[in-house]
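Q: This is run.txt (compact mmCIF, C-alpha atoms and all ligand atoms).
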# COMPACT_ATOMS: atom_id res chain seq x y z
CA MET A 172 -31.93 31.61 3.80
CA SER A 173 -32.17 27.88 4.45
CA ASP A 174 -29.11 26.16 5.92
CA ARG A 175 -30.26 22.79 4.62
CA PHE A 176 -27.28 20.54 4.12
CA GLU A 177 -26.43 20.39 0.43
CA PRO A 178 -23.73 17.76 -0.11
CA GLU A 179 -20.95 18.65 -2.49
CA ILE A 180 -20.43 15.86 -5.01
CA LEU A 181 -17.49 15.43 -7.33
CA VAL A 182 -18.08 13.34 -10.45
CA LEU A 183 -14.94 12.02 -12.11
CA TYR A 184 -16.00 10.54 -15.41
CA CYS A 185 -14.13 8.74 -18.13
CA GLY A 186 -14.39 10.71 -21.37
CA ARG A 187 -15.61 7.57 -23.11
CA ALA A 188 -18.57 7.10 -20.77
CA LEU A 189 -20.41 10.01 -22.37
CA ALA A 190 -22.22 10.03 -25.70
CA ASP A 191 -20.39 11.88 -28.48
CA HIS A 192 -17.73 13.15 -26.10
CA ASN A 193 -20.30 15.65 -25.01
CA HIS A 194 -18.27 16.86 -22.06
CA LEU A 195 -19.76 18.92 -19.32
CA PRO A 196 -18.17 22.27 -18.56
CA GLU A 197 -16.10 22.26 -15.40
CA GLY A 198 -17.18 24.38 -12.45
CA THR A 199 -19.74 23.88 -9.71
CA LYS A 200 -23.36 23.33 -10.70
CA GLN A 201 -26.42 23.42 -8.54
CA GLY A 202 -28.48 20.23 -8.44
CA ALA A 203 -31.72 19.64 -6.57
CA GLY A 204 -30.42 19.80 -3.00
CA PHE A 205 -26.76 19.27 -3.82
CA LYS A 206 -23.80 20.89 -5.53
CA VAL A 207 -21.85 19.01 -8.15
CA ARG A 208 -18.63 19.36 -10.10
CA PHE A 209 -17.92 17.24 -13.16
CA VAL A 210 -14.35 16.46 -14.13
CA MET A 211 -13.55 14.54 -17.30
CA MET A 212 -10.66 12.08 -17.16
CA PRO A 213 -8.81 10.54 -20.10
CA CYS A 214 -9.21 7.17 -18.31
CA SER A 215 -10.55 6.26 -14.86
CA SER A 216 -7.26 4.47 -14.13
CA LYS A 217 -5.55 7.87 -13.89
CA ILE A 218 -7.08 8.27 -10.45
CA GLU A 219 -4.99 6.63 -7.76
CA THR A 220 -5.93 5.62 -4.25
CA ARG A 221 -4.16 8.65 -2.82
CA ASP A 222 -6.22 10.97 -5.06
CA LEU A 223 -9.49 9.47 -3.86
CA VAL A 224 -8.46 9.78 -0.23
CA LYS A 225 -7.22 13.35 -0.71
CA LEU A 226 -10.47 14.45 -2.34
CA ILE A 227 -12.36 13.45 0.78
CA GLU A 228 -9.71 15.08 2.94
CA GLN A 229 -10.25 18.29 0.99
CA GLY A 230 -13.85 18.36 2.10
CA VAL A 231 -16.12 17.04 -0.65
CA GLU A 232 -18.99 15.02 0.74
CA GLY A 233 -18.99 12.38 -1.96
CA VAL A 234 -17.01 11.26 -4.98
CA LEU A 235 -18.55 9.36 -7.85
CA MET A 236 -16.27 7.77 -10.37
CA VAL A 237 -17.84 6.92 -13.70
CA PRO A 238 -15.57 4.69 -15.77
CA CYS A 239 -16.57 3.32 -19.13
CA LEU A 240 -17.89 -0.23 -19.44
CA GLU A 241 -15.69 -3.24 -18.92
CA ASN A 242 -14.23 -4.39 -22.26
CA LYS A 243 -14.59 -0.86 -23.65
CA CYS A 244 -11.52 0.63 -21.98
CA GLN A 245 -9.05 2.14 -24.44
CA PHE A 246 -6.26 0.90 -22.14
CA LEU A 247 -7.97 -2.52 -21.90
CA VAL A 248 -7.97 -2.81 -18.11
CA GLY A 249 -8.01 0.81 -16.94
CA ASN A 250 -11.53 0.59 -15.57
CA VAL A 251 -10.80 -2.75 -13.88
CA ARG A 252 -7.84 -1.12 -12.13
CA ALA A 253 -9.98 1.84 -11.15
CA GLU A 254 -12.55 -0.46 -9.60
CA LYS A 255 -9.91 -2.20 -7.47
CA ARG A 256 -8.46 1.10 -6.29
CA MET A 257 -11.92 2.33 -5.46
CA LYS A 258 -12.54 -0.78 -3.35
CA TYR A 259 -9.25 -0.29 -1.53
CA ALA A 260 -9.82 3.44 -0.93
CA ARG A 261 -13.32 2.72 0.41
CA ALA A 262 -11.86 0.25 2.90
CA LEU A 263 -9.27 2.82 4.02
CA LEU A 264 -11.93 5.49 4.56
CA ASP A 265 -13.89 3.02 6.62
CA GLU A 266 -10.82 2.26 8.70
CA VAL A 267 -10.46 5.92 9.68
CA GLY A 268 -14.16 6.30 10.41
CA MET A 269 -15.02 8.55 7.45
CA GLY A 270 -17.45 6.07 5.87
CA ALA A 271 -16.72 4.04 2.75
CA ASP A 272 -19.86 5.37 1.11
CA ARG A 273 -18.32 8.76 0.51
CA LEU A 274 -16.66 7.06 -2.46
CA SER A 275 -18.45 5.09 -5.11
CA MET A 276 -18.45 4.04 -8.70
CA ALA A 277 -21.01 3.55 -11.45
CA GLN A 278 -20.04 2.37 -14.91
CA GLY A 279 -21.38 4.37 -17.80
CA TRP A 280 -21.56 4.25 -21.58
CA ASN A 281 -23.18 6.58 -24.05
CA LEU A 282 -24.51 8.70 -21.21
CA SER A 283 -26.16 12.04 -21.80
CA SER A 284 -25.28 14.94 -19.52
CA GLU A 285 -28.75 14.58 -17.94
CA GLU A 286 -28.04 10.95 -17.12
CA LEU A 287 -24.73 11.92 -15.54
CA MET A 288 -26.54 14.55 -13.47
CA ALA A 289 -29.03 11.87 -12.38
CA LEU A 290 -26.12 9.70 -11.19
CA ALA A 291 -24.80 12.66 -9.20
CA ASP A 292 -28.27 13.08 -7.68
CA GLU A 293 -28.27 9.41 -6.61
CA ARG A 294 -24.82 9.88 -5.05
CA ALA A 295 -26.01 12.97 -3.18
CA SER A 296 -28.91 10.97 -1.72
CA ALA A 297 -26.50 8.23 -0.64
CA VAL A 298 -24.08 10.57 1.16
CA ARG A 299 -26.68 12.85 2.75
CA PRO A 300 -27.17 10.44 5.70
CA LEU A 301 -23.39 10.60 6.35
CA GLY A 302 -23.72 14.31 7.02
CA ARG A 303 -21.23 17.07 6.37
CA ASN A 304 -17.66 16.07 5.75
CA PRO A 305 -15.94 16.90 9.07
CA LEU A 306 -12.86 18.00 7.09
CA LYS A 307 -14.81 20.68 5.23
CA GLY A 308 -13.25 24.05 5.77
CA VAL A 309 -10.52 22.65 8.02
CA LYS A 310 -7.20 24.35 7.36
CA LEU A 311 -4.65 21.59 6.84
CA MET B 36 13.47 -6.92 -1.51
CA ILE B 37 12.45 -6.29 2.08
CA VAL B 38 8.69 -6.49 2.20
CA ALA B 39 6.43 -4.66 4.63
CA GLU B 40 2.72 -4.18 5.12
CA TRP B 41 0.76 -1.26 6.59
CA LYS B 42 -0.12 -1.52 10.24
CA PRO B 43 -3.82 -1.12 10.95
CA ILE B 44 -4.37 2.67 10.88
CA PRO B 45 -6.04 2.76 14.35
CA GLU B 46 -2.81 1.33 15.81
CA VAL B 47 -0.86 4.28 14.38
CA VAL B 48 -3.54 6.76 15.44
CA GLU B 49 -3.34 5.47 19.00
CA LYS B 50 0.37 6.35 19.09
CA LEU B 51 -0.22 9.86 17.72
CA ARG B 52 -2.63 11.00 20.44
CA GLY B 53 -1.23 14.03 22.17
CA HIS B 54 1.11 14.98 19.33
CA LYS B 55 0.57 18.20 17.40
CA LYS B 56 2.75 17.97 14.32
CA VAL B 57 3.81 14.70 12.77
CA LEU B 58 6.10 13.81 9.90
CA VAL B 59 5.28 10.75 7.77
CA VAL B 60 8.48 9.50 6.14
CA GLY B 61 8.70 6.99 3.33
CA CYS B 62 11.56 5.18 1.69
CA ALA B 63 11.83 5.00 -2.09
CA THR B 64 13.57 1.62 -2.16
CA CYS B 65 12.21 -1.80 -1.03
CA VAL B 66 9.04 -0.60 0.67
CA ALA B 67 8.19 1.48 -2.39
CA GLU B 68 8.55 -1.61 -4.58
CA CYS B 69 6.16 -3.54 -2.35
CA ALA B 70 3.69 -0.60 -2.27
CA ALA B 71 3.87 -0.13 1.50
CA GLY B 72 6.12 2.84 2.13
CA GLY B 73 7.03 4.76 -1.01
CA GLU B 74 5.91 8.27 -1.87
CA ARG B 75 2.51 7.03 -3.07
CA GLU B 76 1.82 5.34 0.24
CA VAL B 77 3.12 8.29 2.26
CA GLU B 78 0.78 10.60 0.36
CA THR B 79 -2.08 8.16 0.93
CA LEU B 80 -1.48 7.67 4.64
CA ALA B 81 -0.99 11.37 5.46
CA PRO B 82 -4.55 12.46 4.57
CA LEU B 83 -5.94 9.33 6.23
CA LEU B 84 -4.12 10.20 9.45
CA ARG B 85 -5.36 13.79 9.31
CA MET B 86 -8.91 12.53 8.89
CA ALA B 87 -8.57 9.87 11.58
CA MET B 88 -7.17 12.37 14.07
CA ILE B 89 -9.94 14.88 13.40
CA LYS B 90 -12.51 12.11 13.89
CA ASP B 91 -10.65 11.28 17.11
CA SER B 92 -10.94 14.95 18.26
CA ASN B 93 -7.16 15.22 18.19
CA PRO B 94 -6.40 17.24 15.07
CA ILE B 95 -2.76 17.14 14.05
CA GLU B 96 -0.65 18.70 11.37
CA VAL B 97 0.90 16.07 9.12
CA CYS B 98 3.82 16.77 6.80
CA THR B 99 5.50 14.28 4.50
CA ASN B 100 8.86 13.34 3.05
CA THR B 101 10.19 10.31 1.19
CA LEU B 102 13.87 9.53 1.40
CA GLU B 103 15.72 7.72 -1.33
CA ARG B 104 16.84 5.20 1.32
CA GLN B 105 15.95 5.35 4.98
CA CYS B 106 18.68 2.87 5.95
CA GLU B 107 21.63 5.03 4.84
CA TRP B 108 22.93 7.79 7.10
CA GLU B 109 23.59 10.17 4.20
CA PHE B 110 19.91 10.18 3.26
CA VAL B 111 18.67 10.15 6.86
CA GLU B 112 20.68 13.29 7.59
CA GLY B 113 18.57 15.18 5.08
CA LEU B 114 15.65 15.03 7.52
CA ALA B 115 17.46 16.99 10.23
CA PRO B 116 15.88 20.41 9.49
CA THR B 117 12.35 18.97 9.28
CA ILE B 118 12.67 16.87 12.42
CA MET B 119 13.28 20.06 14.43
CA GLU B 120 9.76 21.20 13.52
CA VAL B 121 7.76 18.10 14.43
CA ASP B 122 7.05 16.29 17.67
CA ALA B 123 6.73 12.76 16.26
CA VAL B 124 7.53 10.73 13.17
CA VAL B 125 5.71 7.85 11.49
CA SER B 126 8.12 5.87 9.35
CA LEU B 127 6.90 3.68 6.53
CA ALA B 128 10.34 2.14 6.02
CA CYS B 129 11.28 -1.38 7.08
CA GLY B 130 12.49 -1.94 10.63
CA ILE B 131 15.99 -0.97 9.57
CA GLY B 132 14.89 2.45 8.38
CA VAL B 133 12.78 3.04 11.48
CA GLN B 134 15.77 2.25 13.70
CA ALA B 135 18.07 4.47 11.65
CA LEU B 136 15.73 7.43 12.25
CA ALA B 137 15.36 6.55 15.93
CA GLU B 138 19.13 6.38 16.32
CA ARG B 139 19.90 9.62 14.51
CA PHE B 140 16.98 11.57 16.01
CA SER B 141 16.76 9.94 19.42
CA GLU B 142 15.00 12.95 20.97
CA VAL B 143 11.86 12.48 18.84
CA PRO B 144 9.45 9.52 19.06
CA ILE B 145 9.63 7.47 15.85
CA TYR B 146 6.69 5.12 15.29
CA PRO B 147 6.63 2.34 12.71
CA GLY B 148 3.75 2.62 10.25
CA VAL B 149 4.39 -0.81 8.77
CA ASN B 150 5.17 -4.33 9.88
CA THR B 151 8.27 -5.68 8.16
CA THR B 152 7.34 -9.19 7.15
CA ALA B 153 9.67 -10.85 4.64
CA LEU B 154 12.51 -10.93 2.16
CA ALA B 155 10.40 -11.54 -0.87
CA ILE B 156 9.96 -11.31 -4.60
CA ARG B 157 7.04 -9.90 -6.54
CA GLU B 158 5.65 -13.04 -8.14
CA GLU B 159 2.83 -11.23 -9.94
CA PRO B 160 1.40 -7.74 -9.76
CA GLY B 161 0.06 -7.40 -6.23
CA LEU B 162 1.51 -10.70 -5.00
CA TRP B 163 4.77 -10.98 -3.06
CA ALA B 164 6.19 -14.23 -1.73
CA ALA B 165 9.07 -14.99 0.64
CA ARG B 166 12.32 -16.17 -0.87
CA CYS B 167 14.91 -15.86 1.92
CA VAL B 168 15.13 -15.49 5.69
CA ALA B 169 18.82 -14.52 5.82
CA CYS B 170 19.79 -17.82 7.45
CA GLY B 171 23.51 -17.11 7.16
CA ASP B 172 24.49 -20.42 5.53
CA CYS B 173 22.94 -20.47 2.07
CA VAL B 174 21.99 -23.92 0.76
CA LEU B 175 20.67 -22.84 -2.64
CA GLY B 176 23.64 -24.58 -4.27
CA GLU B 177 22.38 -27.94 -3.01
CA THR B 178 18.68 -27.29 -3.51
CA LEU B 179 18.81 -26.21 -7.13
CA GLY B 180 18.15 -22.57 -6.38
CA LEU B 181 14.97 -23.11 -4.36
CA CYS B 182 15.11 -22.16 -0.69
CA PRO B 183 13.70 -24.75 1.73
CA ILE B 184 14.44 -22.53 4.73
CA ALA B 185 12.23 -19.62 3.67
CA ARG B 186 9.77 -21.56 1.54
CA CYS B 187 9.06 -24.69 3.58
CA ALA B 188 6.75 -24.20 6.56
CA LYS B 189 9.04 -26.46 8.59
CA SER B 190 12.31 -25.25 7.04
CA ILE B 191 13.36 -28.86 6.61
CA LEU B 192 16.48 -29.82 4.72
CA ASN B 193 15.39 -33.35 3.89
CA GLY B 194 11.87 -32.84 2.60
CA PRO B 195 9.23 -33.32 1.60
CA CYS B 196 7.72 -33.86 5.01
CA GLY B 197 5.05 -36.33 3.88
CA GLY B 198 2.22 -33.85 4.07
CA THR B 199 2.44 -32.56 0.50
CA ARG B 200 -1.01 -32.28 -1.07
CA ASP B 201 -1.98 -33.62 -4.46
CA GLY B 202 -0.77 -31.16 -7.05
CA GLY B 203 2.39 -30.40 -5.08
CA LYS B 204 0.97 -27.87 -2.62
CA CYS B 205 2.09 -27.47 0.98
CA GLU B 206 -0.05 -29.04 3.67
CA ILE B 207 -0.36 -25.72 5.52
CA ASP B 208 -1.81 -23.78 2.60
CA GLU B 209 -3.24 -24.94 -0.70
CA ASN B 210 -1.98 -21.75 -2.38
CA ILE B 211 1.65 -22.34 -1.47
CA ASP B 212 3.86 -24.70 -3.43
CA CYS B 213 5.59 -27.45 -1.47
CA ILE B 214 9.13 -26.28 -2.07
CA TRP B 215 10.47 -29.82 -1.79
CA HIS B 216 8.08 -30.89 -4.52
CA LEU B 217 9.52 -28.10 -6.71
CA ILE B 218 13.09 -29.07 -5.77
CA TYR B 219 12.36 -32.66 -6.74
CA GLU B 220 10.79 -31.61 -10.05
CA ARG B 221 13.76 -29.39 -10.88
CA ALA B 222 16.19 -32.18 -9.93
CA GLN B 223 14.31 -34.59 -12.14
CA ALA B 224 14.41 -32.16 -15.08
CA ARG B 225 18.17 -31.79 -14.64
CA GLY B 226 18.80 -35.51 -14.05
CA LYS B 227 20.05 -34.77 -10.52
CA VAL B 228 17.61 -36.71 -8.35
CA ASP B 229 20.42 -38.87 -6.96
CA ALA B 230 22.16 -35.78 -5.59
CA LEU B 231 19.16 -35.16 -3.35
CA LEU B 232 19.86 -38.45 -1.60
CA GLU B 233 23.34 -37.42 -0.55
CA ILE B 234 23.91 -36.85 3.15
CA LYS B 235 24.36 -33.13 3.67
CA LYS B 236 26.71 -31.53 6.12
CA THR B 237 25.03 -30.12 9.19
CA LYS B 238 23.78 -26.62 8.58
CA ASP B 239 25.53 -23.91 10.55
CA TRP B 240 22.84 -21.76 12.10
CA SER B 241 25.30 -19.70 14.15
CA ASN B 242 25.72 -17.21 11.31
CA SER B 243 22.00 -16.29 11.45
CA ASP B 244 20.10 -14.60 14.27
CA HIS B 245 20.52 -17.85 16.21
CA GLY B 246 24.07 -16.72 16.83
CA GLY B 247 22.96 -13.48 18.48
CA PRO B 248 22.74 -10.03 16.88
CA LYS B 249 24.60 -10.14 13.61
CA ARG B 250 27.61 -7.89 12.97
CA ILE B 251 29.67 -7.95 9.82
CA LEU B 252 33.13 -6.50 10.05
CA ARG B 253 35.14 -5.80 6.90
CA GLU B 254 38.51 -4.33 7.83
CA ASP B 255 39.27 -3.51 4.19
CA LEU B 256 36.36 -1.06 4.14
CA ARG B 257 37.01 0.62 7.45
CA LEU B 258 38.86 3.86 7.95
S1 LIG C 401 19.28 -20.87 2.28
FE1 LIG C 401 19.34 -19.19 3.74
S2 LIG C 401 20.48 -17.53 2.74
FE2 LIG C 401 19.93 -19.05 1.16
S3 LIG C 401 18.00 -18.24 0.33
FE3 LIG C 401 17.46 -19.67 1.94
S4 LIG C 401 17.27 -18.45 3.80
FE4 LIG C 401 18.33 -17.21 2.28
S1 LIG C 402 4.40 -29.89 2.44
FE1 LIG C 402 6.41 -29.34 1.59
S2 LIG C 402 6.64 -27.13 1.99
FE2 LIG C 402 4.93 -27.84 3.23
S3 LIG C 402 5.83 -28.29 5.20
FE3 LIG C 402 5.90 -30.25 4.04
S4 LIG C 402 7.87 -30.25 2.97
FE4 LIG C 402 7.55 -28.16 3.73
Could you render the structure from this file as structure tokens?
Ligand code: SF4
Ligand code: SF4
A:
Amino acid sequence: MSDRFEPEILVLYCGRALADHNHLPEGTKQGAGFKVRFVMMPCSSKIETRDLVKLIEQGVEGVLMVPCLENKCQFLVGNVRAEKRMKYARALLDEVGMGADRLSMAQGWNLSSEELMALADERASAVRPLGRNPLKGVKL
Amino acid sequence: MIVAEWKPIPEVVEKLRGHKKVLVVGCATCVAECAAGGEREVETLAPLLRMAMIKDSNPIEVCTNTLERQCEWEFVEGLAPTIMEVDAVVSLACGIGVQALAERFSEVPIYPGVNTTALAIREEPGLWAARCVACGDCVLGETLGLCPIARCAKSILNGPCGGTRDGGKCEIDENIDCIWHLIYERAQARGKVDALLEIKKTKDWSNSDHGGPKRILREDLRL
């Protein structure tokens, strides 16, 4: 059995970013060289800085937030807020030496589930050089 | 409100080296309002400290608590059982809250997680600005409700200083209003410009920190 490092990616997507509300079932899926979980959110602004930080603390290698497009937010500025929190959380992760790139964001609209999977694949490629999350498996 | 800002995390981490179990304590009053030390910030800092300490090869256990007010003994007392179980505390309260914990639990090191920086108001979401420095001899009655002590870089009582920029901004920072410009504008709107020319009585600074550590004694409230 290969022990090749397969980053675990969490995709938090705004329900409006996907075409026809075609939500992906929750649960871990196997991608090409990575594992991914998709979680639908009613709005990307529901995720706070502390949530982003905690997700990394809990051991995932990378988080991708997929808000809907600017000007399409049902709460008008939810995705703008999410973007600012993401920027702040990235700076905090950098400050503690975990690497800002474990967190990132890509706006989406009318995405198919395949396109969302492709975004997760991109994220996995970006976090692979950061290596395993040192918090993985650590009992807190 | 009393406004504080997070210390750089590495500064806090430095203090925690050698400790095994740490309590991060917030305060749900002023520092929660200014997004520095409320429950949200406590629950953000705790995982960051755990991660930083693991990266630093000094893993620690971090538990959390947020008191309603860290500057009142009744609330501080509620921490007594938890304090017994930790070997250090990081407080996200203002300097008053930190000192209250350090006084009540003098056997445990209490480290500040924030720098207390001002008595300020939230001008806009995400923007706080100083309004008072507790000078002990309030002049707002003569300055139409605008404080030249806290809001003028030179704390002058007979401004403006002559350095006011075009547009009424302070010479030290183009984003800060010249408070004397605002005082003048408000006086003009109220037809009170002449009152600004009156000679003011000398300000008594002895009731501020210039007079040594402040104590307020109210016999009517004492037992
Ligand atoms: S004059 Fe003194 S007490 Fe009054 S607002 Fe200004 S600093 Fe505070
Ligand atoms: S420009 Fe106005 S606020 Fe700034 S130092 Fe001079 S008087 Fe004070």
Q: With 9 Å as the limit and counting only C-alpha atoms, what residues in chain A lie close to chain B? Please list them as JSON, numbers by chain.
A: {"A": [219, 220, 221, 222, 223, 224, 225, 227, 228, 229, 263, 264, 266, 267, 268, 269, 305, 306, 311]}
Q: Those same residues, written as a PDB file, keeping the file's coordinate frame with C-alpha atoms?
A:
ATOM      1  CA  GLU A 219      -4.990   6.630  -7.760  1.00  0.00           C
ATOM      2  CA  THR A 220      -5.930   5.620  -4.250  1.00  0.00           C
ATOM      3  CA  ARG A 221      -4.160   8.650  -2.820  1.00  0.00           C
ATOM      4  CA  ASP A 222      -6.220  10.970  -5.060  1.00  0.00           C
ATOM      5  CA  LEU A 223      -9.490   9.470  -3.860  1.00  0.00           C
ATOM      6  CA  VAL A 224      -8.460   9.780  -0.230  1.00  0.00           C
ATOM      7  CA  LYS A 225      -7.220  13.350  -0.710  1.00  0.00           C
ATOM      8  CA  ILE A 227     -12.360  13.450   0.780  1.00  0.00           C
ATOM      9  CA  GLU A 228      -9.710  15.080   2.940  1.00  0.00           C
ATOM     10  CA  GLN A 229     -10.250  18.290   0.990  1.00  0.00           C
ATOM     11  CA  LEU A 263      -9.270   2.820   4.020  1.00  0.00           C
ATOM     12  CA  LEU A 264     -11.930   5.490   4.560  1.00  0.00           C
ATOM     13  CA  GLU A 266     -10.820   2.260   8.700  1.00  0.00           C
ATOM     14  CA  VAL A 267     -10.460   5.920   9.680  1.00  0.00           C
ATOM     15  CA  GLY A 268     -14.160   6.300  10.410  1.00  0.00           C
ATOM     16  CA  MET A 269     -15.020   8.550   7.450  1.00  0.00           C
ATOM     17  CA  PRO A 305     -15.940  16.900   9.070  1.00  0.00           C
ATOM     18  CA  LEU A 306     -12.860  18.000   7.090  1.00  0.00           C
ATOM     19  CA  LEU A 311      -4.650  21.590   6.840  1.00  0.00           C
TER      20      LEU A 311
END
Q: With 4 Å added on each side, what axis-aligned box encloses every listed atom of ligand LIG 401 (chain C)? Give the centre and edge lengths in Å to one decimal, as JSON.
A:
{"center_x": 18.9, "center_y": -19.0, "center_z": 2.1, "size_x": 11.2, "size_y": 11.7, "size_z": 11.5}
Q: Give the answer as one residue: which of B:Glu120, B:Glu49, B:Glu177, B:Glu206 has the shortest atom-to-atom distance to ligand LIG 402 (chain C), using all atoms listed in the file?
A: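 Closest residue, counting all atoms listed in the file: B:Glu206.
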Q: Grab me every residue within 6 Å of ligand LIG 402 (chain C), counting all atoms listed in the file, and send it over as a PyMOL selection string.
A: chain B and resi 187-189+194-196+198-199+205-206+213-215
Q: Keeping only C-alpha atoms, write those residues as a PDB file, keeping the file's coordinate frame.
A:
ATOM      1  CA  CYS B 187       9.060 -24.690   3.580  1.00  0.00           C
ATOM      2  CA  ALA B 188       6.750 -24.200   6.560  1.00  0.00           C
ATOM      3  CA  LYS B 189       9.040 -26.460   8.590  1.00  0.00           C
ATOM      4  CA  GLY B 194      11.870 -32.840   2.600  1.00  0.00           C
ATOM      5  CA  PRO B 195       9.230 -33.320   1.600  1.00  0.00           C
ATOM      6  CA  CYS B 196       7.720 -33.860   5.010  1.00  0.00           C
ATOM      7  CA  GLY B 198       2.220 -33.850   4.070  1.00  0.00           C
ATOM      8  CA  THR B 199       2.440 -32.560   0.500  1.00  0.00           C
ATOM      9  CA  CYS B 205       2.090 -27.470   0.980  1.00  0.00           C
ATOM     10  CA  GLU B 206      -0.050 -29.040   3.670  1.00  0.00           C
ATOM     11  CA  CYS B 213       5.590 -27.450  -1.470  1.00  0.00           C
ATOM     12  CA  ILE B 214       9.130 -26.280  -2.070  1.00  0.00           C
ATOM     13  CA  TRP B 215      10.470 -29.820  -1.790  1.00  0.00           C
TER      14      TRP B 215
END
Q: Taking into account only C-alpha atoms, which residue in the set A:Ser283, A:Gln201, A:Asn304, A:Ser275 is nearest to Met257 in chain A?
A: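 Among the listed residues, A:Ser275 lies closest to Met257 in chain A.
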Q: Can you tell me, as a list of chain:residue names, which residues sit within 12 Å of (10.0, -0.7, -4.1) in the file's frame, using only C-alpha atoms?
A: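 Nearby residues: B:Met36, B:Ile37, B:Val38, B:Ala39, B:Gly61, B:Cys62, B:Ala63, B:Thr64, B:Cys65, B:Val66, B:Ala67, B:Glu68, B:Cys69, B:Ala70, B:Ala71, B:Gly72, B:Gly73, B:Glu74, B:Arg75, B:Glu76, B:Glu103, B:Arg104, B:Leu127, B:Ala128, B:Cys129, B:Ala155, B:Ile156, B:Arg157, B:Trp163.
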Q: Could I get the residues of chain B with an atom no further than 7 Å from an atom of ligand LIG 401 (chain C), each paired with its nearest atom pair and that distance in Å to one decimal, using all atoms listed in the file, sorted by chain and residue number, as a Markdown table?
A:
| residue | atom | partner | partner_atom | distance |
| --- | --- | --- | --- | --- |
| B:Arg166 | CA | C:LIG401 | S3 | 6.2 |
| B:Cys167 | CA | C:LIG401 | FE4 | 3.7 |
| B:Val168 | CA | C:LIG401 | S4 | 4.1 |
| B:Ala169 | CA | C:LIG401 | FE4 | 4.5 |
| B:Cys170 | CA | C:LIG401 | FE1 | 4.0 |
| B:Gly171 | CA | C:LIG401 | S2 | 5.4 |
| B:Asp172 | CA | C:LIG401 | FE1 | 5.6 |
| B:Cys173 | CA | C:LIG401 | FE2 | 3.5 |
| B:Val174 | CA | C:LIG401 | S1 | 4.4 |
| B:Leu175 | CA | C:LIG401 | FE2 | 5.4 |
| B:Cys182 | CA | C:LIG401 | FE3 | 4.3 |
| B:Pro183 | CA | C:LIG401 | FE3 | 6.3 |
| B:Ile184 | CA | C:LIG401 | FE3 | 5.0 |
| B:Ala185 | CA | C:LIG401 | S4 | 5.2 |
Q: Which residues are near Cys185 in chain A? Cut-off 6 Å, only C-alpha atoms, ignore same chain within fewer than 6 positions. Put them as a PDB file with C-alpha atoms, keeping the file's coordinate frame.
A:
ATOM      1  CA  MET A 211     -13.550  14.540 -17.300  1.00  0.00           C
ATOM      2  CA  MET A 212     -10.660  12.080 -17.160  1.00  0.00           C
ATOM      3  CA  PRO A 213      -8.810  10.540 -20.100  1.00  0.00           C
ATOM      4  CA  CYS A 214      -9.210   7.170 -18.310  1.00  0.00           C
ATOM      5  CA  SER A 215     -10.550   6.260 -14.860  1.00  0.00           C
ATOM      6  CA  PRO A 238     -15.570   4.690 -15.770  1.00  0.00           C
TER       7      PRO A 238
END
Q: A:Leu235, A:Val251, A:Ile180, A:Lys258: which is nearest Thr199 in chain A, counting only C-alpha atoms?
A: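 Selected residue with least distance to Thr199 in chain A: A:Ile180.
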Q: Between CA of Ala137 in chain B and CA of Glu46 in chain B, measure the distance and give it in Å to one decimal.
A: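 It comes out at 18.9 Å.
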Q: Just the number, please: distance in Å from CA of Arg175 in chain A to CA of Asp292 in chain A, one decimal.
A: 15.8 Å
